[in-house]
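Quick notes on the structure that follows.
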Amino acid sequence: MATFALDPDLPPALAPLAWLIGEWEGAGVVGYPTIESAHFGQEISVTHDGRPFLEWQSRTWLLDEQGSKVRPLARELGFWRPLENNEVEFLLTHPTGIVEMYHGTTSPAKIEIRTDGVIRSPHAKDYKAAARMYGLVNSDMMWVMDMAAVDQPLQSHVSAQLKRVG
């Protein structure tokens, strides 16, 4: 098990998000009415440079039945911005032509956010909204995402469990 120590230079505004900082690896399940359910692997890196925001990088890949990597899936780059009164913004970009702005709340080791805005390039797939929840459970990052896309209402899309590896 990797140990977790708070950076003494961490800006106080980042305290509600401090548990995210580090390197995470794990696996999850993706599914939606328009795609076949599948298992995926994920790596997340969350860092800070001394300013009051976190940088987020996530990459996922399809796993076969033996748990081996088959091909790349999603990639996300973004920033967590803590606000007053336990509010938070999460800004994300995707190489598929989608930019998202989430807004929500933090509580000890839990974040609940919903899209406040979604921008799509003219060539991106139809995507309207999402809701995500992240939590620290028994030292693991657990997260789920609901999505509204391709003429489907908001519903379960992704869930994963990741272990801190750095």
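Residue numbers start at 1 in each chain; chains themselves are named A, B, ... in the order of the structure tokens; ligands are numbered from 1 in the order shown.
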
Could you build a table of the residues in range 66-153 of chain A lying no more than 10 Å from range 31-34 of chain A, giving for each the nearest pair of atoms and their separation in Å rounded to one decimal place, using only C-alpha atoms, ordered by chain and ascending residue number, as a Markdown table?
| residue | atom | partner | partner_atom | distance |
| --- | --- | --- | --- | --- |
| A:Asp146 | CA | A:Tyr32 | CA | 9.6 |
| A:Met147 | CA | A:Tyr32 | CA | 8.7 |
| A:Ala148 | CA | A:Tyr32 | CA | 9.8 |
| A:Ala149 | CA | A:Thr34 | CA | 9.4 |
| A:Val150 | CA | A:Thr34 | CA | 7.9 |
| A:Asp151 | CA | A:Thr34 | CA | 9.7 |
| A:Gln152 | CA | A:Pro33 | CA | 7.9 |

Writer output for current selection, all heavy atoms, as a short mmCIF file (atom, residue, chain, number, x, y, z; two decimals), in the first residue's frame:
data_model
loop_
_atom_site.label_atom_id
_atom_site.label_comp_id
_atom_site.auth_asym_id
_atom_site.auth_seq_id
_atom_site.Cartn_x
_atom_site.Cartn_y
_atom_site.Cartn_z
N ASP A 146 -22.38 9.29 -14.82
CA ASP A 146 -23.61 9.16 -15.60
C ASP A 146 -23.49 10.10 -16.79
O ASP A 146 -22.85 11.16 -16.68
CB ASP A 146 -24.83 9.55 -14.77
CG ASP A 146 -25.10 8.59 -13.62
OD1 ASP A 146 -24.51 7.50 -13.59
OD2 ASP A 146 -25.91 8.95 -12.74
N MET A 147 -24.09 9.73 -17.92
CA MET A 147 -23.93 10.52 -19.13
C MET A 147 -25.25 10.59 -19.90
O MET A 147 -26.03 9.64 -19.90
CB MET A 147 -22.86 9.87 -20.02
CG MET A 147 -22.60 10.56 -21.33
SD MET A 147 -21.22 9.82 -22.27
CE MET A 147 -21.99 8.33 -22.90
N ALA A 148 -25.48 11.74 -20.55
CA ALA A 148 -26.59 11.91 -21.49
C ALA A 148 -25.96 12.19 -22.85
O ALA A 148 -25.30 13.22 -23.04
CB ALA A 148 -27.49 13.06 -21.07
N ALA A 149 -26.14 11.27 -23.80
CA ALA A 149 -25.53 11.41 -25.12
C ALA A 149 -26.31 10.58 -26.13
O ALA A 149 -27.11 9.72 -25.75
CB ALA A 149 -24.07 10.95 -25.09
N VAL A 150 -26.05 10.82 -27.40
CA VAL A 150 -26.65 10.10 -28.52
C VAL A 150 -28.13 9.77 -28.27
O VAL A 150 -28.54 8.62 -28.36
CB VAL A 150 -25.83 8.85 -28.92
CG1 VAL A 150 -24.51 9.26 -29.55
CG2 VAL A 150 -25.57 7.93 -27.74
N ASP A 151 -28.89 10.81 -27.98
CA ASP A 151 -30.34 10.72 -27.78
C ASP A 151 -30.75 9.82 -26.60
O ASP A 151 -31.89 9.34 -26.55
CB ASP A 151 -31.05 10.23 -29.06
CG ASP A 151 -30.88 11.21 -30.20
OD1 ASP A 151 -30.93 12.44 -29.93
OD2 ASP A 151 -30.70 10.77 -31.35
N GLN A 152 -29.86 9.61 -25.64
CA GLN A 152 -30.16 8.84 -24.44
C GLN A 152 -30.24 9.80 -23.25
O GLN A 152 -29.51 10.78 -23.19
CB GLN A 152 -29.07 7.80 -24.18
CG GLN A 152 -28.92 6.76 -25.27
CD GLN A 152 -30.11 5.83 -25.32
OE1 GLN A 152 -30.62 5.38 -24.29
NE2 GLN A 152 -30.57 5.53 -26.52
#

> Which neighbours of Gly78 in chain A fall inside 12 Å, counting only C-alpha atoms, when residues of the same chain fewer than 2 positions from it are skipped, and could you give them as JSON, numbers by chain?
Replying inline: {"A": [44, 45, 46, 47, 48, 53, 54, 55, 56, 57, 58, 59, 75, 76, 80, 81, 89, 90, 91, 92, 93, 94, 95, 98, 99, 100, 101, 102]}

Since we have the selection now, will you write its residues out, keeping C-alpha atoms, as a PDB file, in the first residue's frame?
ATOM      1  CA  ILE A  44      -4.769   9.099 -13.332  1.00  0.00           C
ATOM      2  CA  SER A  45      -2.151  11.663 -12.372  1.00  0.00           C
ATOM      3  CA  VAL A  46      -3.148  14.599 -10.149  1.00  0.00           C
ATOM      4  CA  THR A  47      -0.514  17.258  -9.439  1.00  0.00           C
ATOM      5  CA  HIS A  48      -0.146  20.853  -8.281  1.00  0.00           C
ATOM      6  CA  PHE A  53      -5.655  24.382  -8.546  1.00  0.00           C
ATOM      7  CA  LEU A  54      -4.899  20.756  -9.407  1.00  0.00           C
ATOM      8  CA  GLU A  55      -3.863  19.425 -12.796  1.00  0.00           C
ATOM      9  CA  TRP A  56      -5.653  16.219 -13.899  1.00  0.00           C
ATOM     10  CA  GLN A  57      -4.515  13.712 -16.505  1.00  0.00           C
ATOM     11  CA  SER A  58      -6.402  10.486 -17.155  1.00  0.00           C
ATOM     12  CA  ARG A  59      -5.949   7.795 -19.758  1.00  0.00           C
ATOM     13  CA  ARG A  75      -8.044  10.596 -22.561  1.00  0.00           C
ATOM     14  CA  GLU A  76      -8.760  13.630 -20.341  1.00  0.00           C
ATOM     15  CA  TRP A  80      -9.765  21.135 -10.485  1.00  0.00           C
ATOM     16  CA  ARG A  81     -10.528  24.611  -9.093  1.00  0.00           C
ATOM     17  CA  GLU A  89     -15.112  23.383 -10.650  1.00  0.00           C
ATOM     18  CA  PHE A  90     -13.614  20.693 -12.876  1.00  0.00           C
ATOM     19  CA  LEU A  91     -12.564  21.782 -16.363  1.00  0.00           C
ATOM     20  CA  LEU A  92     -11.881  18.965 -18.868  1.00  0.00           C
ATOM     21  CA  THR A  93     -10.758  18.667 -22.474  1.00  0.00           C
ATOM     22  CA  HIS A  94     -10.946  15.536 -24.599  1.00  0.00           C
ATOM     23  CA  PRO A  95      -9.171  14.757 -27.903  1.00  0.00           C
ATOM     24  CA  ILE A  98     -15.385  17.906 -26.386  1.00  0.00           C
ATOM     25  CA  VAL A  99     -14.765  20.446 -23.615  1.00  0.00           C
ATOM     26  CA  GLU A 100     -16.655  20.150 -20.310  1.00  0.00           C
ATOM     27  CA  MET A 101     -17.095  22.436 -17.318  1.00  0.00           C
ATOM     28  CA  TYR A 102     -18.342  20.696 -14.189  1.00  0.00           C
TER      29      TYR A 102
END

> Counting only C-alpha atoms, what is within 6 Å of range 128-139 of chain A, bar same-chain residues fewer than 3 positions away, as a list of chain:residue names?
Replying inline: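 Close residues of range 128-139 of chain A: A:Ala109, A:Lys110, A:Ile111, A:Glu112, A:Ile113, A:Arg114, A:Thr115, A:Met142, A:Trp143, A:Val144, A:Met145, A:Asp146, A:Met147, A:Ala148, A:Ala149.
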
Write out the residues from the selection above, keeping N, CA and C atoms, as a CSV table (one decimal), in the first residue's frame.
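Wrote it out as result.csv, contents follow:
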chain,number,residue,atom,x,y,z
A,109,ALA,N,-13.4,13.7,1.6
A,109,ALA,CA,-13.1,12.6,0.7
A,109,ALA,C,-14.2,12.2,-0.2
A,110,LYS,N,-15.0,13.2,-0.7
A,110,LYS,CA,-16.1,13.0,-1.6
A,110,LYS,C,-16.3,14.3,-2.5
A,111,ILE,N,-16.5,14.0,-3.8
A,111,ILE,CA,-16.7,15.1,-4.7
A,111,ILE,C,-17.9,14.7,-5.6
A,112,GLU,N,-18.9,15.6,-5.7
A,112,GLU,CA,-20.1,15.4,-6.5
A,112,GLU,C,-20.2,16.6,-7.5
A,113,ILE,N,-20.2,16.3,-8.8
A,113,ILE,CA,-20.2,17.4,-9.8
A,113,ILE,C,-21.1,17.0,-11.0
A,114,ARG,N,-21.6,18.1,-11.6
A,114,ARG,CA,-22.4,17.9,-12.8
A,114,ARG,C,-22.0,18.9,-13.9
A,115,THR,N,-22.2,18.6,-15.1
A,115,THR,CA,-21.8,19.5,-16.1
A,115,THR,C,-22.6,20.8,-16.1
A,142,MET,N,-12.7,5.7,-5.7
A,142,MET,CA,-13.8,5.1,-6.4
A,142,MET,C,-14.5,6.3,-7.2
A,143,TRP,N,-15.0,6.0,-8.4
A,143,TRP,CA,-15.7,7.0,-9.1
A,143,TRP,C,-16.7,6.4,-10.1
A,144,VAL,N,-17.7,7.2,-10.3
A,144,VAL,CA,-18.8,6.8,-11.2
A,144,VAL,C,-19.2,8.0,-12.1
A,145,MET,N,-19.7,7.7,-13.3
A,145,MET,CA,-20.1,8.8,-14.2
A,145,MET,C,-21.4,8.4,-14.8
A,146,ASP,N,-22.4,9.3,-14.8
A,146,ASP,CA,-23.6,9.2,-15.6
A,146,ASP,C,-23.5,10.1,-16.8
A,147,MET,N,-24.1,9.7,-17.9
A,147,MET,CA,-23.9,10.5,-19.1
A,147,MET,C,-25.3,10.6,-19.9
A,148,ALA,N,-25.5,11.7,-20.6
A,148,ALA,CA,-26.6,11.9,-21.5
A,148,ALA,C,-26.0,12.2,-22.9
A,149,ALA,N,-26.1,11.3,-23.8
A,149,ALA,CA,-25.5,11.4,-25.1
A,149,ALA,C,-26.3,10.6,-26.1

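Separating CA of Leu14 in chain A from CA of Pro52 in chain A is a distance of 6.0 Å.
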
> For Ala18 in chain A, which residue out of A:Ser37, A:Ser107, A:Gln161, A:Gln155 is the nearest one, using only C-alpha atoms?
Replying inline: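 So, comparing all the options, the nearest one is A:Ser107.
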
> Residues at most 6 Å from Gln42 in chain A, counting only C-alpha atoms, excluding those fewer than 5 positions away in the same chain, as a PyMOL selection string?
Replying inline: chain A and resi 25-27+59-60

> From the set A:Leu10, A:Ile21, A:Val165, A:Val158, which residue has the shortest atom-to-atom contact distance to His39 in chain A, counting only C-alpha atoms?
Replying inline: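 Of all the options, A:Val158 lies closest to His39 in chain A.
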